[in-house]
Amino acid sequence: MPTLDQTHDPSLRSWVESANEPSCDFPIQNLPFGVFQRKDAKEQPRIGVAIGDCVLDVAGCIEAGLLDGIDAESACVLSASSLNQFMAKGRRTWSTVRHALNALLQVGNTRLCDDAQRRKQLLVPMHDVECLLPAQIGDYTDFYASIHHARNVGSMFRPDNPLLPNYKNLPVGYHGRASSIVPSGALIRRPMGQTKADDADLPTFGPCRLLDYELELGFFVGPGNVLGQRIPMNEARDQIFGMCILNDWSARDIQKWEYQPLGPFNAKNFATTISPWVVTMDALEPFRVPSTPHGQDDPPVLEYLQPIDEMAYDITVEAYICSAQMRESGTAPMLISRGTFTDMYWTIAQMLVHHSSTGCNMNSGDLLASGTISGTSEDSRGCLLERTWRGQNPITLPDSTQRKFLADGDEVIMKAFCERDGAVRIGFGECRGIIQPAQ
């Protein structure tokens, strides 16, 4: 069962008025962590939390003596320019800091609220900051955890055998490229690559023609494990710091030619976009639910992957497209896909446990991703490859143009949020990227 405390109380309100709006992604019950810089100041990146339409400078609050119960070591890591050291501290420290921030921002706490000069210094409007990558990401692994996505894609290329034999036995994944992970808003260059047409004798090199997005969620490793030691299932939840939105940009024509025999390579390595705010697992606790049961005829899950309690999260995910012409005319982005994270065949705990099952050492700030989040309905398919069924069913945008795959100038906008009765809605913010022409 979810473990709730006073920070989850739906009656809590913040003196930051925008945090109390019903549609706000960042109420006081959320308080996601990120790294930011003020746009008008020459300063080192700083750790902050999102509250309403503002960013609270965490290091500044510590320097001002505004956060109670924070020991010297925690204060030191929160003054860093990335979240890695804080992620390494573990769940007790994360919870202590969350409680201190929650208390400072509550209605009735006047320590910062009534100090206009200090409030102006420490509470920065979101539009006045540049959000950076939240951690120095040393390693990145992407999984393939949606059975609906795996079955859909498999049926396009292997109609007689859409699911590979091991799919229901283990979380399938591949090692991605950490160096090309970028924050929301970074421009995405259409990749060049080697492709081969079905009727051609030889491959050619040129711009990707079948550029796609993949609607995913990512999660960051906390303390990690020593090389040669596994992370057991009963420790998995304590090893996960928090989650973000992730767009695994994919060059489908490059992927089709290169993926055998070793899987994704250049088709995936040119860019991965993540949202800047990391929603902590503590904030997600009210939305923790049992994982979707496997099929009655599915093979039993091996003991090391057996879940020990509710290890899934009820998170709604959405993908939108806005063409250059739509932006110029002020037309709102078009919703292309809406799915739910409860549709995944494997949980994030199972992904982490399997990844470390060989003794692979996971490090603080490592990023793991879910793979495309797809459901059973057409509008819940989390990429254009599925949504247009390999281009056979184009989508018509409000500017009357059609999309089989992404065009130059297209902006992909991803959102995610959690809602349920008895809890305050929390969100993840946005994950954005605009396609630039190949060079």
# chains A, B, ... in the order shown; residues from 1 in each chain; ligands from 1
>>> closest_atom_pairs(of="range 235-262 of chain A", to="range 356-372 of chain A", cutoff="10 Å", atoms="only C-alpha atoms", output="tab-separated table")
residue	atom	partner	partner_atom	distance
A:Gln239	CA	A:Ser364	CA	9.1
A:Ile240	CA	A:Ser364	CA	9.4
A:Phe241	CA	A:Gly365	CA	8.7
A:Met243	CA	A:Ala369	CA	9.3
A:Cys244	CA	A:Ala369	CA	9.2
A:Ile245	CA	A:Ala369	CA	9.1
A:Leu246	CA	A:Ala369	CA	7.3
A:Asn247	CA	A:Thr372	CA	8.8
A:Asp248	CA	A:Gly371	CA	8.0
>>> residues_around(residues="range 250-259 of chain A", least_positions_apart="4", cutoff="6 Å", atoms="only C-alpha atoms", output="MDAnalysis selection string")
chainID A and resid 194:195 210:213 263:264 267:268
>>> residues_around(residues="Gly295 in chain A", least_positions_apart="4", cutoff="12 Å", atoms="only C-alpha atoms", output="CSV table (one decimal) with N, CA and C atoms, in the first residue's frame")
chain,number,residue,atom,x,y,z
A,147,ILE,N,4.3,-4.0,-23.7
A,147,ILE,CA,4.0,-5.2,-24.6
A,147,ILE,C,3.1,-4.8,-25.8
A,168,LYS,N,8.6,-11.9,-22.6
A,168,LYS,CA,7.8,-12.1,-21.4
A,168,LYS,C,8.6,-12.7,-20.2
A,299,PRO,N,4.5,-16.9,-19.1
A,299,PRO,CA,5.4,-17.7,-18.2
A,299,PRO,C,5.5,-17.0,-16.9
A,300,PRO,N,5.8,-17.8,-15.8
A,300,PRO,CA,5.9,-17.2,-14.5
A,300,PRO,C,7.2,-16.3,-14.4
A,301,VAL,N,7.0,-15.2,-13.7
A,301,VAL,CA,8.2,-14.3,-13.5
A,301,VAL,C,9.2,-14.9,-12.6
A,345,TYR,N,4.2,-3.6,-19.3
A,345,TYR,CA,4.4,-5.0,-18.9
A,345,TYR,C,5.3,-5.2,-17.8
>>> closest_residue(among="A:Val412, A:Val226, A:Leu133, A:Leu335", to="Val182 in chain A", atoms="only C-alpha atoms")
A:Leu133
>>> residues_around(residues="Gly193 in chain A", least_positions_apart="5", cutoff="7 Å", atoms="only C-alpha atoms", output="VMD selection string")
chain A and resid 205 to 208 254
>>> residues_around(residues="range 221-224 of chain A", least_positions_apart="3", cutoff="12 Å", atoms="only C-alpha atoms", output="PyMOL selection string")
chain A and resi 83-94+135-141+218+227-232+235-243+278+280-281+348-349+351-353+355-356+359-369
>>> atom_distance(atom1="CA of Glu328 in chain A", atom2="CA of Ala438 in chain A")
21.7 Å
>>> select_by_dssp(residues="range 45-137 of chain A", states="helix (DSSP H, G or I)", output="PDB file with N, CA and C atoms, in the first residue's frame")
ATOM      1  N   VAL A  58      17.086  26.440  -3.853  1.00  0.00           N
ATOM      2  CA  VAL A  58      17.269  25.620  -2.653  1.00  0.00           C
ATOM      3  C   VAL A  58      18.543  26.003  -1.914  1.00  0.00           C
ATOM      4  N   ALA A  59      19.640  26.156  -2.630  1.00  0.00           N
ATOM      5  CA  ALA A  59      20.895  26.530  -1.978  1.00  0.00           C
ATOM      6  C   ALA A  59      20.759  27.883  -1.288  1.00  0.00           C
ATOM      7  N   GLY A  60      20.074  28.812  -1.942  1.00  0.00           N
ATOM      8  CA  GLY A  60      19.860  30.120  -1.329  1.00  0.00           C
ATOM      9  C   GLY A  60      19.051  30.029  -0.053  1.00  0.00           C
ATOM     10  N   CYS A  61      18.064  29.151  -0.026  1.00  0.00           N
ATOM     11  CA  CYS A  61      17.267  28.961   1.191  1.00  0.00           C
ATOM     12  C   CYS A  61      18.121  28.406   2.323  1.00  0.00           C
ATOM     13  N   ILE A  62      19.020  27.493   1.985  1.00  0.00           N
ATOM     14  CA  ILE A  62      19.913  26.928   2.997  1.00  0.00           C
ATOM     15  C   ILE A  62      20.855  28.004   3.526  1.00  0.00           C
ATOM     16  N   GLU A  63      21.428  28.788   2.625  1.00  0.00           N
ATOM     17  CA  GLU A  63      22.335  29.860   3.034  1.00  0.00           C
ATOM     18  C   GLU A  63      21.636  30.872   3.936  1.00  0.00           C
ATOM     19  N   ALA A  72      24.708  19.411   7.759  1.00  0.00           N
ATOM     20  CA  ALA A  72      25.749  20.100   6.997  1.00  0.00           C
ATOM     21  C   ALA A  72      26.083  19.372   5.702  1.00  0.00           C
ATOM     22  N   GLU A  73      26.104  18.043   5.745  1.00  0.00           N
ATOM     23  CA  GLU A  73      26.444  17.277   4.547  1.00  0.00           C
ATOM     24  C   GLU A  73      25.373  17.435   3.478  1.00  0.00           C
ATOM     25  N   SER A  74      24.113  17.402   3.897  1.00  0.00           N
ATOM     26  CA  SER A  74      23.022  17.595   2.939  1.00  0.00           C
ATOM     27  C   SER A  74      23.036  19.007   2.378  1.00  0.00           C
ATOM     28  N   ALA A  75      23.324  19.984   3.230  1.00  0.00           N
ATOM     29  CA  ALA A  75      23.416  21.364   2.766  1.00  0.00           C
ATOM     30  C   ALA A  75      24.496  21.511   1.704  1.00  0.00           C
ATOM     31  N   CYS A  76      25.596  20.786   1.899  1.00  0.00           N
ATOM     32  CA  CYS A  76      26.706  20.856   0.947  1.00  0.00           C
ATOM     33  C   CYS A  76      26.304  20.300  -0.413  1.00  0.00           C
ATOM     34  N   VAL A  77      25.668  19.135  -0.437  1.00  0.00           N
ATOM     35  CA  VAL A  77      25.320  18.536  -1.728  1.00  0.00           C
ATOM     36  C   VAL A  77      24.224  19.322  -2.430  1.00  0.00           C
ATOM     37  N   ASN A  84      23.470  14.979  -8.711  1.00  0.00           N
ATOM     38  CA  ASN A  84      24.080  13.665  -8.510  1.00  0.00           C
ATOM     39  C   ASN A  84      24.374  13.358  -7.053  1.00  0.00           C
ATOM     40  N   GLN A  85      25.034  14.297  -6.355  1.00  0.00           N
ATOM     41  CA  GLN A  85      25.417  14.036  -4.967  1.00  0.00           C
ATOM     42  C   GLN A  85      24.190  13.921  -4.065  1.00  0.00           C
ATOM     43  N   PHE A  86      23.184  14.724  -4.345  1.00  0.00           N
ATOM     44  CA  PHE A  86      21.940  14.622  -3.575  1.00  0.00           C
ATOM     45  C   PHE A  86      21.250  13.292  -3.845  1.00  0.00           C
ATOM     46  N   MET A  87      21.225  12.852  -5.104  1.00  0.00           N
ATOM     47  CA  MET A  87      20.657  11.550  -5.442  1.00  0.00           C
ATOM     48  C   MET A  87      21.373  10.426  -4.701  1.00  0.00           C
ATOM     49  N   ALA A  88      22.680  10.579  -4.512  1.00  0.00           N
ATOM     50  CA  ALA A  88      23.473   9.533  -3.858  1.00  0.00           C
ATOM     51  C   ALA A  88      23.187   9.420  -2.364  1.00  0.00           C
ATOM     52  N   LYS A  89      22.594  10.454  -1.773  1.00  0.00           N
ATOM     53  CA  LYS A  89      22.394  10.465  -0.315  1.00  0.00           C
ATOM     54  C   LYS A  89      21.345   9.477   0.164  1.00  0.00           C
ATOM     55  N   ARG A  91      17.166   7.790   0.369  1.00  0.00           N
ATOM     56  CA  ARG A  91      15.770   8.162   0.558  1.00  0.00           C
ATOM     57  C   ARG A  91      15.515   8.946   1.845  1.00  0.00           C
ATOM     58  N   ARG A  92      16.226   8.645   2.927  1.00  0.00           N
ATOM     59  CA  ARG A  92      15.996   9.380   4.176  1.00  0.00           C
ATOM     60  C   ARG A  92      16.325  10.860   3.986  1.00  0.00           C
ATOM     61  N   THR A  93      17.453  11.157   3.333  1.00  0.00           N
ATOM     62  CA  THR A  93      17.817  12.554   3.084  1.00  0.00           C
ATOM     63  C   THR A  93      16.830  13.206   2.134  1.00  0.00           C
ATOM     64  N   TRP A  94      16.448  12.504   1.069  1.00  0.00           N
ATOM     65  CA  TRP A  94      15.476  13.073   0.129  1.00  0.00           C
ATOM     66  C   TRP A  94      14.196  13.467   0.862  1.00  0.00           C
ATOM     67  N   SER A  95      13.734  12.592   1.753  1.00  0.00           N
ATOM     68  CA  SER A  95      12.486  12.842   2.477  1.00  0.00           C
ATOM     69  C   SER A  95      12.626  14.017   3.438  1.00  0.00           C
ATOM     70  N   THR A  96      13.777  14.093   4.133  1.00  0.00           N
ATOM     71  CA  THR A  96      13.996  15.192   5.069  1.00  0.00           C
ATOM     72  C   THR A  96      13.964  16.537   4.359  1.00  0.00           C
ATOM     73  N   VAL A  97      14.624  16.619   3.218  1.00  0.00           N
ATOM     74  CA  VAL A  97      14.661  17.864   2.456  1.00  0.00           C
ATOM     75  C   VAL A  97      13.274  18.199   1.915  1.00  0.00           C
ATOM     76  N   ARG A  98      12.576  17.203   1.430  1.00  0.00           N
ATOM     77  CA  ARG A  98      11.216  17.429   0.916  1.00  0.00           C
ATOM     78  C   ARG A  98      10.305  17.994   2.005  1.00  0.00           C
ATOM     79  N   HIS A  99      10.397  17.423   3.216  1.00  0.00           N
ATOM     80  CA  HIS A  99       9.569  17.905   4.324  1.00  0.00           C
ATOM     81  C   HIS A  99       9.922  19.349   4.689  1.00  0.00           C
ATOM     82  N   ALA A 100      11.211  19.679   4.678  1.00  0.00           N
ATOM     83  CA  ALA A 100      11.624  21.041   5.017  1.00  0.00           C
ATOM     84  C   ALA A 100      11.119  22.044   3.988  1.00  0.00           C
ATOM     85  N   LEU A 101      11.211  21.687   2.708  1.00  0.00           N
ATOM     86  CA  LEU A 101      10.714  22.569   1.649  1.00  0.00           C
ATOM     87  C   LEU A 101       9.200  22.717   1.726  1.00  0.00           C
ATOM     88  N   ASN A 102       8.517  21.629   1.982  1.00  0.00           N
ATOM     89  CA  ASN A 102       7.064  21.649   2.106  1.00  0.00           C
ATOM     90  C   ASN A 102       6.638  22.594   3.234  1.00  0.00           C
ATOM     91  N   ALA A 103       7.334  22.507   4.358  1.00  0.00           N
ATOM     92  CA  ALA A 103       6.993  23.361   5.501  1.00  0.00           C
ATOM     93  C   ALA A 103       7.236  24.833   5.181  1.00  0.00           C
ATOM     94  N   LEU A 104       8.360  25.145   4.514  1.00  0.00           N
ATOM     95  CA  LEU A 104       8.690  26.532   4.191  1.00  0.00           C
ATOM     96  C   LEU A 104       7.660  27.164   3.266  1.00  0.00           C
ATOM     97  N   LEU A 105       7.087  26.371   2.379  1.00  0.00           N
ATOM     98  CA  LEU A 105       6.199  26.905   1.338  1.00  0.00           C
ATOM     99  C   LEU A 105       4.724  26.869   1.709  1.00  0.00           C
ATOM    100  N   THR A 110       5.727  32.209   7.540  1.00  0.00           N
ATOM    101  CA  THR A 110       5.995  33.572   7.078  1.00  0.00           C
ATOM    102  C   THR A 110       7.486  33.873   6.901  1.00  0.00           C
ATOM    103  N   ARG A 111       8.347  32.887   7.142  1.00  0.00           N
ATOM    104  CA  ARG A 111       9.788  33.161   7.170  1.00  0.00           C
ATOM    105  C   ARG A 111      10.300  33.715   5.839  1.00  0.00           C
ATOM    106  N   LEU A 112       9.802  33.183   4.740  1.00  0.00           N
ATOM    107  CA  LEU A 112      10.167  33.694   3.430  1.00  0.00           C
ATOM    108  C   LEU A 112       9.038  34.518   2.827  1.00  0.00           C
ATOM    109  N   CYS A 113       7.834  34.103   3.062  1.00  0.00           N
ATOM    110  CA  CYS A 113       6.669  34.763   2.462  1.00  0.00           C
ATOM    111  C   CYS A 113       6.619  36.250   2.791  1.00  0.00           C
ATOM    112  N   ALA A 116       9.930  40.426   1.624  1.00  0.00           N
ATOM    113  CA  ALA A 116       9.790  40.734   0.202  1.00  0.00           C
ATOM    114  C   ALA A 116      11.123  40.708  -0.532  1.00  0.00           C
ATOM    115  N   GLN A 117      12.162  41.269   0.089  1.00  0.00           N
ATOM    116  CA  GLN A 117      13.456  41.327  -0.586  1.00  0.00           C
ATOM    117  C   GLN A 117      14.044  39.932  -0.783  1.00  0.00           C
ATOM    118  N   ARG A 118      13.982  39.122   0.272  1.00  0.00           N
ATOM    119  CA  ARG A 118      14.538  37.762   0.174  1.00  0.00           C
ATOM    120  C   ARG A 118      13.681  36.889  -0.740  1.00  0.00           C
ATOM    121  N   ARG A 119      12.365  37.087  -0.693  1.00  0.00           N
ATOM    122  CA  ARG A 119      11.476  36.313  -1.559  1.00  0.00           C
ATOM    123  C   ARG A 119      11.779  36.598  -3.028  1.00  0.00           C
ATOM    124  N   LYS A 120      12.039  37.862  -3.361  1.00  0.00           N
ATOM    125  CA  LYS A 120      12.379  38.218  -4.739  1.00  0.00           C
ATOM    126  C   LYS A 120      13.689  37.569  -5.156  1.00  0.00           C
ATOM    127  N   GLN A 121      14.603  37.422  -4.217  1.00  0.00           N
ATOM    128  CA  GLN A 121      15.903  36.840  -4.509  1.00  0.00           C
ATOM    129  C   GLN A 121      15.829  35.322  -4.690  1.00  0.00           C
ATOM    130  N   LEU A 122      14.997  34.656  -3.887  1.00  0.00           N
ATOM    131  CA  LEU A 122      15.001  33.192  -3.833  1.00  0.00           C
ATOM    132  C   LEU A 122      13.876  32.539  -4.613  1.00  0.00           C
ATOM    133  N   MET A 126       9.390  31.312 -13.399  1.00  0.00           N
ATOM    134  CA  MET A 126       9.865  30.274 -14.312  1.00  0.00           C
ATOM    135  C   MET A 126      10.351  30.857 -15.638  1.00  0.00           C
ATOM    136  N   HIS A 127       9.698  31.932 -16.095  1.00  0.00           N
ATOM    137  CA  HIS A 127      10.094  32.497 -17.390  1.00  0.00           C
ATOM    138  C   HIS A 127      11.417  33.255 -17.314  1.00  0.00           C
ATOM    139  N   ASP A 128      11.954  33.437 -16.116  1.00  0.00           N
ATOM    140  CA  ASP A 128      13.230  34.135 -15.958  1.00  0.00           C
ATOM    141  C   ASP A 128      14.404  33.181 -15.755  1.00  0.00           C
TER     142      ASP A 128
END
>>> select_by_dssp(residues="range 180-347 of chain A", states="strand (DSSP E or B)", output="JSON, numbers by chain")
{"A": [181, 182, 183, 188, 189, 192, 193, 194, 195, 204, 205, 206, 207, 211, 212, 215, 216, 217, 218, 219, 220, 221, 240, 241, 242, 243, 244, 245, 246, 247, 250, 251, 272, 273, 274, 278, 279, 280, 288, 289, 312, 313, 316, 317, 318, 319, 320, 321, 322, 334, 335, 336, 337, 338, 339, 340]}
>>> atom_distance(atom1="CA of Val289 in chain A", atom2="CA of Phe341 in chain A")
10.6 Å
>>> closest_residue(among="A:Val172, A:Cys131, A:Val317, A:Leu164", to="Thr347 in chain A", atoms="only C-alpha atoms")
A:Val172
>>> residues_around(residues="Trp389 in chain A", least_positions_apart="6", cutoff="12 Å", atoms="only C-alpha atoms", output="MDAnalysis selection string")
chainID A and resid 149 152:157 378:379 381:383 395 403:405
>>> residues_around(residues="Gly429 in chain A", least_positions_apart="5", cutoff="10 Å", atoms="only C-alpha atoms", output="list in words")
Cys24, Asp25, Phe26, Pro32, Ala50, Ser184, Cys244, Ile245, Ser275, Pro276, Trp277, Val278, Val279, Met414, Lys415, Ala416 and Phe417 of chain A
